[in-house]
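File shown: target26.tsv (TSV, C-alpha atoms and all ligand atoms).
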```tsv
chain	number	residue	atom	x	y	z
E	333	MET	CA	97.09	85.77	-5.69
E	334	GLU	CA	96.13	82.22	-4.87
E	335	LEU	CA	96.74	79.05	-6.80
E	336	GLN	CA	93.74	76.87	-5.98
E	337	PRO	CA	94.37	73.29	-6.98
E	338	PHE	CA	92.28	71.42	-9.48
E	339	TYR	CA	92.18	67.75	-10.21
E	340	ARG	CA	91.20	67.34	-13.83
E	341	ASP	CA	92.83	67.82	-17.21
E	342	THR	CA	90.34	70.36	-18.56
E	343	TRP	CA	90.71	74.06	-17.93
E	344	VAL	CA	90.05	77.55	-19.23
E	345	GLU	CA	92.98	79.90	-19.72
E	346	VAL	CA	92.25	83.61	-19.40
E	347	ASN	CA	94.83	86.04	-20.68
E	348	LEU	CA	94.52	89.01	-18.31
E	349	ASP	CA	96.91	91.10	-20.43
E	350	HIS	CA	94.33	90.98	-23.22
E	351	ILE	CA	91.59	92.24	-20.87
E	352	ALA	CA	93.86	95.11	-19.76
E	353	TYR	CA	94.78	95.90	-23.36
E	354	HIS	CA	91.14	96.36	-24.38
E	355	VAL	CA	90.39	98.66	-21.43
E	356	GLN	CA	93.51	100.72	-22.14
E	357	SER	CA	92.74	100.87	-25.87
E	358	LEU	CA	89.17	102.03	-25.19
E	359	LYS	CA	90.43	104.63	-22.72
E	360	GLN	CA	92.71	106.02	-25.40
E	361	ILE	CA	89.84	106.68	-27.79
E	362	LEU	CA	87.49	108.12	-25.15
E	363	PRO	CA	87.60	111.77	-24.09
E	364	GLU	CA	89.16	112.10	-20.63
E	365	ASP	CA	85.91	112.88	-18.84
E	366	VAL	CA	84.21	109.69	-20.02
E	367	LYS	CA	84.35	106.96	-17.38
E	368	ILE	CA	84.30	103.21	-17.98
E	369	PHE	CA	82.03	100.60	-16.39
E	370	ALA	CA	83.67	97.20	-16.83
E	371	VAL	CA	80.75	94.79	-17.29
E	372	VAL	CA	81.58	91.63	-15.33
E	373	LYS	CA	78.14	90.03	-15.05
E	374	ALA	CA	77.74	86.28	-15.58
E	375	ASN	CA	81.10	85.61	-13.92
E	376	GLY	CA	82.80	88.08	-16.23
E	377	TYR	CA	81.16	86.53	-19.33
E	378	GLY	CA	82.58	83.23	-18.12
E	379	HIS	CA	86.12	84.57	-17.66
E	380	GLY	CA	85.93	85.08	-13.88
E	381	ASP	CA	84.31	88.12	-12.23
E	382	VAL	CA	86.85	89.15	-9.63
E	383	GLN	CA	89.93	88.53	-11.77
E	384	VAL	CA	88.51	90.53	-14.68
E	385	ALA	CA	87.27	93.24	-12.29
E	386	ARG	CA	90.69	93.71	-10.69
E	387	THR	CA	92.44	93.71	-14.06
E	388	ALA	CA	89.98	96.18	-15.62
E	389	ILE	CA	90.16	98.59	-12.69
E	390	HIS	CA	93.94	98.43	-12.70
E	391	ALA	CA	93.91	99.16	-16.44
E	392	GLY	CA	91.78	102.27	-15.98
E	393	ALA	CA	88.12	101.25	-15.67
E	394	ASN	CA	86.31	103.32	-13.03
E	395	PHE	CA	83.30	101.23	-12.05
E	396	LEU	CA	81.89	97.72	-12.39
E	397	ALA	CA	78.51	96.57	-13.62
E	398	VAL	CA	76.76	93.25	-13.00
E	399	ALA	CA	73.27	91.92	-13.68
E	400	THR	CA	72.14	90.74	-10.27
E	401	LEU	CA	72.54	91.68	-6.63
E	402	ASP	CA	74.07	88.29	-5.88
E	403	GLU	CA	76.83	89.02	-8.40
E	404	ALA	CA	77.48	92.38	-6.76
E	405	VAL	CA	77.53	90.89	-3.25
E	406	ALA	CA	79.96	88.22	-4.48
E	407	LEU	CA	82.34	90.95	-5.69
E	408	ARG	CA	82.20	92.68	-2.29
E	409	HIS	CA	82.86	89.36	-0.54
E	410	LYS	CA	85.89	88.94	-2.77
E	411	GLY	CA	87.27	92.28	-1.62
E	412	ILE	CA	86.21	94.58	-4.46
E	413	THR	CA	85.57	98.07	-3.07
E	414	VAL	CA	84.97	100.19	-6.20
E	415	PRO	CA	81.40	101.25	-7.14
E	416	VAL	CA	79.33	98.38	-8.51
E	417	LEU	CA	76.09	98.99	-10.42
E	418	VAL	CA	73.46	96.24	-10.58
E	419	LEU	CA	72.01	96.62	-14.09
E	420	GLY	CA	69.01	94.32	-13.63
E	421	ALA	CA	66.00	94.35	-11.36
E	422	THR	CA	66.36	93.72	-7.64
E	423	ARG	CA	63.69	93.10	-5.01
E	424	PRO	CA	62.74	96.02	-2.73
E	425	GLN	CA	63.38	93.90	0.36
E	426	ASP	CA	67.03	93.58	-0.69
E	427	ALA	CA	67.61	97.34	-0.85
E	428	PRO	CA	68.99	97.52	2.73
E	429	LEU	CA	71.69	94.97	1.87
E	430	ALA	CA	72.67	96.96	-1.21
E	431	ALA	CA	72.88	100.16	0.85
E	432	LYS	CA	74.94	98.43	3.53
E	433	LEU	CA	77.42	97.12	0.96
E	434	ASN	CA	77.49	100.45	-0.89
E	435	LEU	CA	76.13	98.87	-4.07
E	436	THR	CA	74.24	100.90	-6.67
E	437	LEU	CA	70.85	99.68	-7.84
E	438	THR	CA	68.86	100.26	-11.00
E	439	VAL	CA	65.36	101.66	-10.43
E	440	PHE	CA	62.42	102.12	-12.78
E	441	GLN	CA	59.22	101.80	-10.74
E	442	LEU	CA	57.78	104.28	-8.24
E	443	GLU	CA	56.15	101.43	-6.33
E	444	TRP	CA	59.54	99.77	-5.90
E	445	LEU	CA	60.94	102.95	-4.35
E	446	VAL	CA	57.98	103.26	-1.96
E	447	GLN	CA	58.45	99.66	-0.82
E	448	ALA	CA	62.24	99.95	-0.54
E	449	ASN	CA	61.88	103.21	1.40
E	450	GLU	CA	59.91	101.40	4.08
E	451	MET	CA	62.75	98.96	4.60
E	452	LEU	CA	65.71	101.32	4.37
E	453	ASN	CA	66.73	102.76	7.73
E	454	ASN	CA	68.23	105.98	6.34
E	455	GLU	CA	71.58	105.21	7.98
E	456	LYS	CA	73.23	104.80	4.61
E	457	ARG	CA	71.74	106.23	1.45
E	458	LEU	CA	71.09	103.86	-1.39
E	459	ARG	CA	72.64	104.99	-4.67
E	460	VAL	CA	70.36	104.42	-7.62
E	461	HIS	CA	70.44	104.82	-11.40
E	462	LEU	CA	67.17	105.39	-13.22
E	463	LYS	CA	66.78	103.08	-16.22
E	464	ILE	CA	65.09	104.52	-19.27
E	465	ASP	CA	63.69	102.19	-21.93
E	466	THR	CA	64.18	103.74	-25.36
E	467	GLY	CA	63.45	100.65	-27.42
E	468	MET	CA	64.98	97.58	-25.82
E	469	GLY	CA	61.63	96.72	-24.26
E	470	ARG	CA	63.02	95.07	-21.13
E	471	ILE	CA	63.15	97.24	-18.01
E	472	GLY	CA	62.98	101.00	-17.77
E	473	VAL	CA	60.61	103.92	-17.73
E	474	LYS	CA	59.30	105.23	-21.02
E	475	THR	CA	57.83	108.63	-20.32
E	476	ALA	CA	58.77	112.06	-19.00
E	477	GLN	CA	55.97	111.73	-16.45
E	478	GLU	CA	57.50	108.58	-14.95
E	479	ILE	CA	60.88	110.30	-14.80
E	480	ASN	CA	59.38	113.33	-13.04
E	481	GLU	CA	57.52	111.18	-10.49
E	482	ILE	CA	60.55	109.03	-9.70
E	483	GLU	CA	62.93	111.99	-9.54
E	484	ALA	CA	60.58	113.88	-7.22
E	485	TYR	CA	60.12	110.84	-4.97
E	486	ILE	CA	63.87	110.25	-4.71
E	487	ASN	CA	64.58	113.90	-3.98
E	488	GLY	CA	61.91	113.88	-1.30
E	489	HIS	CA	63.31	110.81	0.48
E	490	GLN	CA	66.63	110.80	2.29
E	491	ALA	CA	67.06	107.06	1.81
E	492	PHE	CA	68.01	107.47	-1.85
E	493	TYR	CA	70.56	109.29	-3.95
E	494	LEU	CA	69.88	109.57	-7.68
E	495	GLU	CA	73.41	109.20	-8.99
E	496	GLY	CA	72.82	108.17	-12.59
E	497	THR	CA	70.54	107.45	-15.47
E	498	PHE	CA	70.94	105.18	-18.47
E	499	THR	CA	69.44	103.35	-21.38
E	500	HIS	CA	70.54	100.35	-23.44
E	501	PHE	CA	70.78	99.95	-27.22
E	502	ALA	CA	69.23	97.04	-29.07
E	503	GLN	CA	71.09	97.46	-32.36
E	504	ALA	CA	74.36	99.30	-31.77
E	505	ASP	CA	76.08	96.26	-33.30
E	506	SER	CA	74.19	96.54	-36.57
E	507	LEU	CA	75.58	98.17	-39.74
E	508	ASP	CA	72.25	99.94	-40.12
E	509	LYS	CA	72.45	102.81	-37.64
E	510	SER	CA	68.81	103.93	-37.79
E	511	TYR	CA	67.46	102.14	-34.69
E	512	TYR	CA	70.47	103.32	-32.69
E	513	ASP	CA	69.87	106.90	-33.85
E	514	GLN	CA	66.22	106.68	-32.83
E	515	GLN	CA	67.05	105.34	-29.37
E	516	LEU	CA	69.74	107.98	-28.85
E	517	SER	CA	67.43	110.83	-29.79
E	518	ASP	CA	64.66	109.45	-27.53
E	519	PHE	CA	67.19	109.21	-24.69
E	520	LYS	CA	68.30	112.81	-25.23
E	521	ARG	CA	64.70	113.97	-25.33
E	522	LEU	CA	63.88	112.15	-22.08
E	523	LEU	CA	67.00	113.54	-20.38
E	524	GLU	CA	65.48	116.98	-20.83
E	525	SER	CA	62.65	116.08	-18.49
E	526	PHE	CA	64.92	115.79	-15.44
E	527	ARG	CA	64.74	118.77	-13.08
E	528	GLN	CA	68.39	118.16	-12.39
E	529	LEU	CA	70.48	115.79	-14.46
E	530	PRO	CA	72.13	113.03	-12.44
E	531	GLU	CA	75.92	112.93	-12.25
E	532	ILE	CA	76.50	109.81	-14.37
E	533	ILE	CA	74.78	109.44	-17.73
E	534	HIS	CA	75.53	106.32	-19.73
E	535	CYS	CA	74.05	104.42	-22.61
E	536	SER	CA	76.82	102.83	-24.70
E	537	ASN	CA	77.64	99.13	-24.70
E	538	SER	CA	80.83	97.89	-26.44
E	539	ALA	CA	79.50	98.42	-29.95
E	540	ALA	CA	78.31	101.97	-29.27
E	541	SER	CA	81.40	102.88	-27.21
E	542	LEU	CA	83.69	101.81	-30.03
E	543	ARG	CA	81.66	103.17	-32.95
E	544	PHE	CA	79.61	106.19	-31.92
E	545	PRO	CA	81.25	109.05	-29.99
E	546	GLU	CA	77.97	110.99	-29.94
E	547	GLY	CA	76.57	108.50	-27.42
E	548	HIS	CA	79.39	108.62	-24.91
E	549	PHE	CA	77.86	111.15	-22.44
E	550	ASN	CA	80.09	110.73	-19.41
E	551	ALA	CA	80.36	106.95	-19.05
E	552	VAL	CA	80.22	103.79	-21.17
E	553	ARG	CA	79.50	100.16	-20.30
E	554	PHE	CA	82.18	97.95	-21.79
E	555	GLY	CA	81.36	94.24	-21.92
E	556	ILE	CA	82.01	91.85	-24.77
E	557	SER	CA	84.92	93.69	-26.37
E	558	MET	CA	86.79	93.91	-23.07
E	559	TYR	CA	87.01	90.12	-23.49
E	560	GLY	CA	88.41	90.52	-27.01
E	561	LEU	CA	85.23	89.68	-28.87
E	562	SER	CA	83.37	91.71	-31.47
E	563	PRO	CA	79.74	92.57	-30.57
E	564	SER	CA	78.75	91.21	-33.99
E	565	LEU	CA	80.50	89.80	-37.04
E	566	GLU	CA	79.25	92.57	-39.32
E	567	ILE	CA	80.97	95.39	-37.42
E	568	GLU	CA	84.25	93.58	-36.74
E	569	GLN	CA	86.03	95.42	-39.58
E	570	GLU	CA	84.83	98.78	-38.23
E	571	LEU	CA	86.35	98.52	-34.77
E	572	PRO	CA	89.00	101.10	-33.93
E	573	PHE	CA	91.61	98.65	-32.61
E	574	PRO	CA	92.25	94.92	-33.11
E	575	LEU	CA	90.70	92.63	-30.52
E	576	LYS	CA	92.54	89.75	-28.85
E	577	GLU	CA	90.41	86.92	-27.46
E	578	ALA	CA	91.13	86.41	-23.78
E	579	LEU	CA	89.66	82.94	-23.31
E	580	SER	CA	91.03	79.56	-24.38
E	581	LEU	CA	89.58	76.16	-23.50
E	582	LYS	CA	91.99	73.27	-23.18
E	583	THR	CA	92.03	69.62	-22.23
E	584	ARG	CA	94.24	66.51	-22.51
E	585	LEU	CA	93.78	63.05	-23.95
E	586	THR	CA	92.74	60.62	-21.21
E	587	HIS	CA	92.62	57.51	-23.40
E	588	VAL	CA	93.71	56.53	-26.89
E	589	LYS	CA	92.54	53.40	-28.65
E	590	LEU	CA	92.57	51.73	-32.06
E	591	ILE	CA	89.17	50.74	-33.39
E	592	HIS	CA	88.44	48.73	-36.50
E	593	LYS	CA	86.06	48.95	-39.46
E	594	GLY	CA	82.45	48.73	-38.29
E	595	GLU	CA	83.14	49.50	-34.61
E	596	LYS	CA	81.00	52.24	-33.05
E	597	VAL	CA	81.64	55.23	-30.77
E	598	GLY	CA	79.38	56.95	-28.21
E	599	TYR	CA	75.71	56.99	-27.17
E	600	GLY	CA	73.41	56.05	-29.98
E	601	SER	CA	76.44	54.59	-31.81
E	602	THR	CA	76.25	57.49	-34.26
E	603	TYR	CA	79.85	57.06	-35.41
E	604	GLU	CA	81.14	53.96	-37.15
E	605	ALA	CA	84.78	53.46	-38.11
E	606	SER	CA	85.33	53.02	-41.82
E	607	GLY	CA	88.68	51.32	-41.31
E	608	ASP	CA	91.36	51.21	-38.62
E	609	GLU	CA	91.08	54.49	-36.71
E	610	TRP	CA	92.66	56.03	-33.62
E	611	ILE	CA	90.08	57.46	-31.21
E	612	GLY	CA	91.04	59.85	-28.41
E	613	THR	CA	88.89	60.51	-25.34
E	614	LEU	CA	88.69	63.98	-23.80
E	615	PRO	CA	87.52	64.66	-20.22
E	616	ILE	CA	84.99	67.35	-21.11
E	617	GLY	CA	81.29	67.14	-21.87
E	618	TYR	CA	77.99	68.94	-21.91
E	619	ALA	CA	78.03	69.46	-18.13
E	620	ASP	CA	81.09	71.62	-18.72
E	621	GLY	CA	79.21	73.67	-21.34
E	622	TRP	CA	80.72	71.67	-24.20
E	623	ILE	CA	77.32	70.77	-25.55
E	624	ARG	CA	76.06	67.92	-27.74
E	625	LYS	CA	75.57	70.19	-30.72
E	626	LEU	CA	79.38	70.33	-30.98
E	627	GLN	CA	79.43	66.84	-32.50
E	628	GLY	CA	81.47	67.22	-35.69
E	629	GLN	CA	83.27	70.38	-34.50
E	630	GLU	CA	87.04	70.32	-34.99
E	631	VAL	CA	89.59	70.56	-32.18
E	632	LEU	CA	93.35	71.16	-32.30
E	633	VAL	CA	95.84	68.37	-31.61
E	634	GLU	CA	99.54	68.84	-32.31
E	635	GLY	CA	98.68	71.99	-34.26
E	636	HIS	CA	96.21	70.23	-36.58
E	637	ARG	CA	92.43	70.18	-36.84
E	638	THR	CA	90.67	66.92	-36.12
E	639	PRO	CA	86.93	66.25	-35.65
E	640	ILE	CA	84.79	65.27	-32.69
E	641	VAL	CA	83.23	61.92	-33.56
E	642	GLY	CA	80.18	60.39	-31.91
E	643	ARG	CA	77.96	62.17	-29.43
E	644	VAL	CA	79.32	64.49	-26.79
E	645	CYS	CA	78.54	62.93	-23.38
E	646	MET	CA	77.97	64.65	-20.03
E	647	ASP	CA	81.64	64.43	-19.05
E	648	GLN	CA	83.52	63.04	-22.05
E	649	THR	CA	84.02	63.68	-25.74
E	650	THR	CA	85.65	61.49	-28.38
E	651	ILE	CA	87.80	62.70	-31.25
E	652	LYS	CA	89.37	61.08	-34.25
E	653	LEU	CA	93.19	61.16	-34.03
E	654	PRO	CA	95.47	61.28	-37.07
E	655	THR	CA	97.72	58.73	-35.37
E	656	SER	CA	98.35	57.16	-31.99
E	657	LEU	CA	99.24	59.90	-29.51
E	658	PRO	CA	100.28	59.65	-25.86
E	659	VAL	CA	97.74	60.04	-23.07
E	660	GLY	CA	98.22	63.55	-21.68
E	661	THR	CA	98.64	65.19	-25.11
E	662	GLU	CA	97.19	68.72	-24.95
E	663	VAL	CA	94.05	69.39	-27.01
E	664	THR	CA	92.78	72.91	-27.68
E	665	LEU	CA	89.03	73.31	-28.04
E	666	ILE	CA	89.01	77.11	-28.18
E	667	GLY	CA	92.17	79.11	-28.82
E	668	SER	CA	95.31	78.69	-30.84
E	669	GLN	CA	97.78	75.85	-31.16
E	670	GLY	CA	100.73	76.17	-33.53
E	671	SER	CA	99.49	78.26	-36.43
E	672	GLU	CA	95.86	77.09	-36.15
E	673	LEU	CA	93.10	78.94	-34.31
E	674	ILE	CA	89.63	77.89	-33.23
E	675	SER	CA	88.01	81.18	-32.32
E	676	VAL	CA	85.03	81.73	-30.02
E	677	ASN	CA	83.23	82.92	-33.15
E	678	GLU	CA	83.87	79.61	-34.91
E	679	ILE	CA	82.21	77.76	-32.01
E	680	ALA	CA	79.37	80.31	-32.00
E	681	GLN	CA	78.79	79.72	-35.71
E	682	LYS	CA	78.75	75.95	-35.23
E	683	LEU	CA	76.20	76.41	-32.44
E	684	GLU	CA	74.18	78.95	-34.44
E	685	THR	CA	74.57	81.47	-31.65
E	686	ILE	CA	76.68	84.49	-30.66
E	687	ASN	CA	80.13	84.65	-29.08
E	688	TYR	CA	78.61	86.02	-25.82
E	689	GLU	CA	76.78	82.75	-25.27
E	690	VAL	CA	79.84	80.58	-25.88
E	691	THR	CA	82.07	82.07	-23.16
E	692	CYS	CA	79.15	82.23	-20.70
E	693	MET	CA	78.38	78.56	-21.32
E	694	VAL	CA	81.63	77.16	-19.92
E	695	SER	CA	80.39	75.90	-16.56
E	696	ASN	CA	81.93	76.42	-13.15
E	697	ARG	CA	83.09	72.79	-13.18
E	698	VAL	CA	85.91	73.98	-15.44
E	699	PRO	CA	88.76	75.62	-13.49
E	700	ARG	CA	90.06	78.97	-14.72
E	701	VAL	CA	93.81	79.56	-15.02
E	702	TYR	CA	94.88	83.22	-15.24
E	703	ILE	CA	97.89	84.25	-17.31
E	704	GLN	CA	99.66	87.58	-16.97
E	705	GLY	CA	103.05	88.45	-18.41
E	706	GLY	CA	103.22	84.92	-19.82
E	707	LYS	CA	102.97	83.35	-16.36
E	708	ILE	CA	100.19	81.70	-14.36
E	709	VAL	CA	99.24	84.23	-11.69
E	710	GLU	CA	96.05	82.69	-10.30
E	711	VAL	CA	94.01	79.53	-10.54
E	712	SER	CA	90.37	79.46	-9.58
E	713	ASN	CA	88.37	76.31	-9.05
E	714	GLY	CA	84.65	77.05	-8.94
E	715	LEU	CA	83.98	73.76	-7.14
E	716	ILE	CA	86.62	73.69	-4.42
E	717	SER	CA	87.22	77.19	-3.14
E	801	LIG	N1	74.72	97.24	-20.32
E	801	LIG	C1	73.66	96.43	-20.23
E	801	LIG	C2	72.41	96.93	-19.57
E	801	LIG	C3	73.73	95.14	-20.75
E	801	LIG	O1	72.65	94.35	-20.66
E	801	LIG	C4	74.92	94.71	-21.40
E	801	LIG	C5	75.05	93.38	-22.04
E	801	LIG	C6	76.00	95.60	-21.46
E	801	LIG	C7	75.87	96.86	-20.92
E	801	LIG	C8	77.30	95.25	-22.14
E	801	LIG	O2	77.11	95.04	-23.50
E	801	LIG	P1	78.29	94.49	-24.43
E	801	LIG	O3	78.68	93.18	-23.84
E	801	LIG	O4	77.67	94.34	-25.76
E	801	LIG	O5	79.38	95.49	-24.35
E	801	LIG	N2	73.96	92.56	-21.94
E	801	LIG	C9	73.71	91.48	-22.68
E	801	LIG	C10	72.54	90.76	-22.57
E	801	LIG	O6	71.59	91.06	-21.72
E	801	LIG	N3	72.51	89.77	-23.44
E	801	LIG	O7	73.63	89.83	-24.14
E	801	LIG	C11	74.40	90.87	-23.69
```
Represent the structure of the file as structure tokens.
Ligand code: PMH
Amino acid sequence: MELQPFYRDTWVEVNLDHIAYHVQSLKQILPEDVKIFAVVKANGYGHGDVQVARTAIHAGANFLAVATLDEAVALRHKGITVPVLVLGATRPQDAPLAAKLNLTLTVFQLEWLVQANEMLNNEKRLRVHLKIDTGMGRIGVKTAQEINEIEAYINGHQAFYLEGTFTHFAQADSLDKSYYDQQLSDFKRLLESFRQLPEIIHCSNSAASLRFPEGHFNAVRFGISMYGLSPSLEIEQELPFPLKEALSLKTRLTHVKLIHKGEKVGYGSTYEASGDEWIGTLPIGYADGWIRKLQGQEVLVEGHRTPIVGRVCMDQTTIKLPTSLPVGTEVTLIGSQGSELISVNEIAQKLETINYEVTCMVSNRVPRVYIQGGKIVEVSNGLIS
């Protein structure tokens, strides 16, 4: 484990024990023959791809899933050797690289296979999973005929190995189960059109893995809840084990000043002091993913909530302090301090979005500090590495 240095007082803390706990807890509720894909796309939902991948595999996950070939290649470059499935579309001309690195690609077009076949040299077979669209409307085949054509083509060409098939639910996180039920029954119906079922059949995301055993087949794709976040607010109470958020976002006061009645703060001078007030400056801004819409959001200082005042800038944010505090005082933007907590969901609500988007938004300018067993075990600086 390396400790890469960083030179700013803003960082993300990722609690790797929480990641491991969610994988272990899921494993306990799954039948033994159901495997786990740890979904680490988008830099592990902002938590760090390789660190989450290693932790999840150690905790019992079997495979990894990412969205793009670049993400999969990055994992190989970082020494990850377990199977990695690319969930999204790739270009046929990149198939040889995937085969060389033993990466698994998602396929859903006959034409793609024909083009990729021309470029593959048959030295190493390319593992593929056939994506079936049962109602998400993104990528995937929709008919038995397409499945038959693709299966026949793959079986007739040495360059490919049809290892898996899958679909993706649009509403597994909704209290109303009807759309999920429809997608599941369409998936089951389309599975019947295979001449021979592939080895790995998977359709469940976090919500479905945790709520609906009938959709487990023999693997599940565990994303958001591995990071300690509920797939939606409405199903939070239904989850089979408590979740523990893995990500915190922290910073320190860089400047503290007294301003007087009528004095203004920030671009557009949107904040005006109504009397003598202590203003603290934080070295984080919208270029770090801490966006302008967070004006007015509270942060934690010395265990108390205090608001962001004035506009969030590209690199700096200003807060109102209850009193004069020393430069260097720790400020928690996401996470707990004392008995107070600012959850990822609170930020998501402020931003009128979902928790997924909040953790993904923290940019690679913010270093990630990894905690395990209460100690820092790794530091990763996305800029200097
Ligand atoms: N499988 C696929 C194909 C996905 O797109 C996702 C998440 C997952 C599994 C994991 O889902 P979970 O995080 O709910 O467990 N994909 C996305 C997405 O495209 N936008 O938000 C989440």
### Message
For E:Lys596, find every residue with an atom within 12 Å (counting all atoms listed in the file), except residues of its own chain fewer than 5 positions away, and show them as a VMD selection string.
### Response
chain E and resid 590 to 591 601 to 609 611 641 to 643 650
Would you give the centre and edge lengths, in Å to one decimal, of a box along x, y and z around the listed atoms of ligand LIG 801 (chain E), with 3 Å added to each side, as AutoDock Vina command-line options?
```
--center_x 75.5 --center_y 93.5 --center_z -22.7 --size_x 13.8 --size_y 13.5 --size_z 12.2
```
Would you give me, as JSON lines, each residue of stretch 515-619 of chain E having an atom within 9 Å of an atom of stretch 452-464 of chain E, along with its shortest atom pair and that distance in Å to one decimal, using all atoms listed in the file and sorting by chain and residue number?
```
{"residue": "E:Phe519", "atom": "CA", "partner": "E:Ile464", "partner_atom": "CA", "distance": 7.5}
{"residue": "E:Leu522", "atom": "CA", "partner": "E:Ile464", "partner_atom": "CA", "distance": 8.2}
{"residue": "E:Pro530", "atom": "CA", "partner": "E:His461", "partner_atom": "CA", "distance": 8.4}
{"residue": "E:Ile532", "atom": "CA", "partner": "E:His461", "partner_atom": "CA", "distance": 8.4}
{"residue": "E:Ile533", "atom": "CA", "partner": "E:His461", "partner_atom": "CA", "distance": 9.0}
```
### Task
Dump the neighbourhood of ligand LIG 801 (chain E) as a PyMOL selection string: all residues within 6 Å, distances computed on only C-alpha atoms and all ligand atoms.
chain E and resi 371+419+500+537-538+553-556+563
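Between E:Glu403 and the residues E:Ala680, E:Ala539, E:Val659, E:Val418, the shortest atom-to-atom distance, using only C-alpha atoms, involves E:Val418.
Using only C-alpha atoms, the nearest neighbour of E:Ala404 within the list E:Asp620, E:Asp381, E:Asp508, E:Glu710 is E:Asp381.
For the pair atom CA of E:Ser357 and atom CA of E:Ala540, the separation is 14.9 Å.
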### Task
Kindly extract all protein, DNA and RNA residues lying within 8 Å of the coordinates (92.9, 62.9, -33.5) given in the file, considering only C-alpha atoms, and supply them as a PyMOL selection string.
chain E and resi 610-612+633+638-639+651-655
Skipping near chain neighbours, those fewer than 3 positions away, what residues fall within 10 Å of E:His548 using only C-alpha atoms, listed as a PDB file with C-alpha atoms, in the frame of the given file?
```pdb
ATOM      1  CA  LEU E 362      87.490 108.120 -25.150  1.00  0.00           C
ATOM      2  CA  PRO E 363      87.600 111.770 -24.090  1.00  0.00           C
ATOM      3  CA  ASP E 365      85.910 112.880 -18.840  1.00  0.00           C
ATOM      4  CA  VAL E 366      84.210 109.690 -20.020  1.00  0.00           C
ATOM      5  CA  LYS E 367      84.350 106.960 -17.380  1.00  0.00           C
ATOM      6  CA  ILE E 533      74.780 109.440 -17.730  1.00  0.00           C
ATOM      7  CA  HIS E 534      75.530 106.320 -19.730  1.00  0.00           C
ATOM      8  CA  CYS E 535      74.050 104.420 -22.610  1.00  0.00           C
ATOM      9  CA  SER E 536      76.820 102.830 -24.700  1.00  0.00           C
ATOM     10  CA  ASN E 537      77.640  99.130 -24.700  1.00  0.00           C
ATOM     11  CA  ALA E 540      78.310 101.970 -29.270  1.00  0.00           C
ATOM     12  CA  SER E 541      81.400 102.880 -27.210  1.00  0.00           C
ATOM     13  CA  LEU E 542      83.690 101.810 -30.030  1.00  0.00           C
ATOM     14  CA  ARG E 543      81.660 103.170 -32.950  1.00  0.00           C
ATOM     15  CA  PHE E 544      79.610 106.190 -31.920  1.00  0.00           C
ATOM     16  CA  PRO E 545      81.250 109.050 -29.990  1.00  0.00           C
ATOM     17  CA  ALA E 551      80.360 106.950 -19.050  1.00  0.00           C
ATOM     18  CA  VAL E 552      80.220 103.790 -21.170  1.00  0.00           C
ATOM     19  CA  ARG E 553      79.500 100.160 -20.300  1.00  0.00           C
TER      20      ARG E 553
END
```
### E:Pro615 environment, 8 Å, only C-alpha atoms, sequence neighbours closer than 2 positions dropped, as a ChimeraX atom specification
/E:340-342,583-586,613,617,647-649
### Task
Would you kindly return, as a list in words, each protein, DNA or RNA residue with an atom no farther than 9 Å from any atom of E:Tyr559, considering all atoms listed in the file and excluding same-chain residues fewer than 2 positions away?
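My reading of the contact set: His350, Ile351, His354, Gly376, Tyr377, His379, Val384, Gly555, Ile556, Ser557, Leu561, Ser562, Leu575, Lys576, Glu577, Ala578 and Leu579 of chain E.
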Write out, as a PDB file, in the frame of the given file, the residues just selected, with C-alpha atoms.
```
ATOM      1  CA  HIS E 350      94.330  90.980 -23.220  1.00  0.00           C
ATOM      2  CA  ILE E 351      91.590  92.240 -20.870  1.00  0.00           C
ATOM      3  CA  HIS E 354      91.140  96.360 -24.380  1.00  0.00           C
ATOM      4  CA  GLY E 376      82.800  88.080 -16.230  1.00  0.00           C
ATOM      5  CA  TYR E 377      81.160  86.530 -19.330  1.00  0.00           C
ATOM      6  CA  HIS E 379      86.120  84.570 -17.660  1.00  0.00           C
ATOM      7  CA  VAL E 384      88.510  90.530 -14.680  1.00  0.00           C
ATOM      8  CA  GLY E 555      81.360  94.240 -21.920  1.00  0.00           C
ATOM      9  CA  ILE E 556      82.010  91.850 -24.770  1.00  0.00           C
ATOM     10  CA  SER E 557      84.920  93.690 -26.370  1.00  0.00           C
ATOM     11  CA  LEU E 561      85.230  89.680 -28.870  1.00  0.00           C
ATOM     12  CA  SER E 562      83.370  91.710 -31.470  1.00  0.00           C
ATOM     13  CA  LEU E 575      90.700  92.630 -30.520  1.00  0.00           C
ATOM     14  CA  LYS E 576      92.540  89.750 -28.850  1.00  0.00           C
ATOM     15  CA  GLU E 577      90.410  86.920 -27.460  1.00  0.00           C
ATOM     16  CA  ALA E 578      91.130  86.410 -23.780  1.00  0.00           C
ATOM     17  CA  LEU E 579      89.660  82.940 -23.310  1.00  0.00           C
TER      18      LEU E 579
END
```
### Task
Report the distance between atom CA of E:Phe395 and atom CA of E:Phe369 in Å, rounded to one decimal place.
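If I compute the distance from atom CA of E:Phe395 to atom CA of E:Phe369, I get 4.6 Å.
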### Message
So the first atom is atom CA of E:Ala370 and the second is atom CA of E:Thr413; what is the distance between them in Å, to one decimal place?
### Response
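Result for atom CA of E:Ala370 versus atom CA of E:Thr413: 13.9 Å, one decimal.
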#### Entry: Of the listed residues E:Ala430, E:Lys682, E:Trp343, E:Arg386, that which approaches E:Gly411 most closely, counting all atoms listed in the file
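That would be E:Arg386, the residue with the smallest distance to E:Gly411.
With all atoms listed in the file as the atoms that count, the minimum distance from E:Glu568 to the choices E:Thr664, E:Ser712, E:Ser580, E:Ser506 is reached by E:Ser506.
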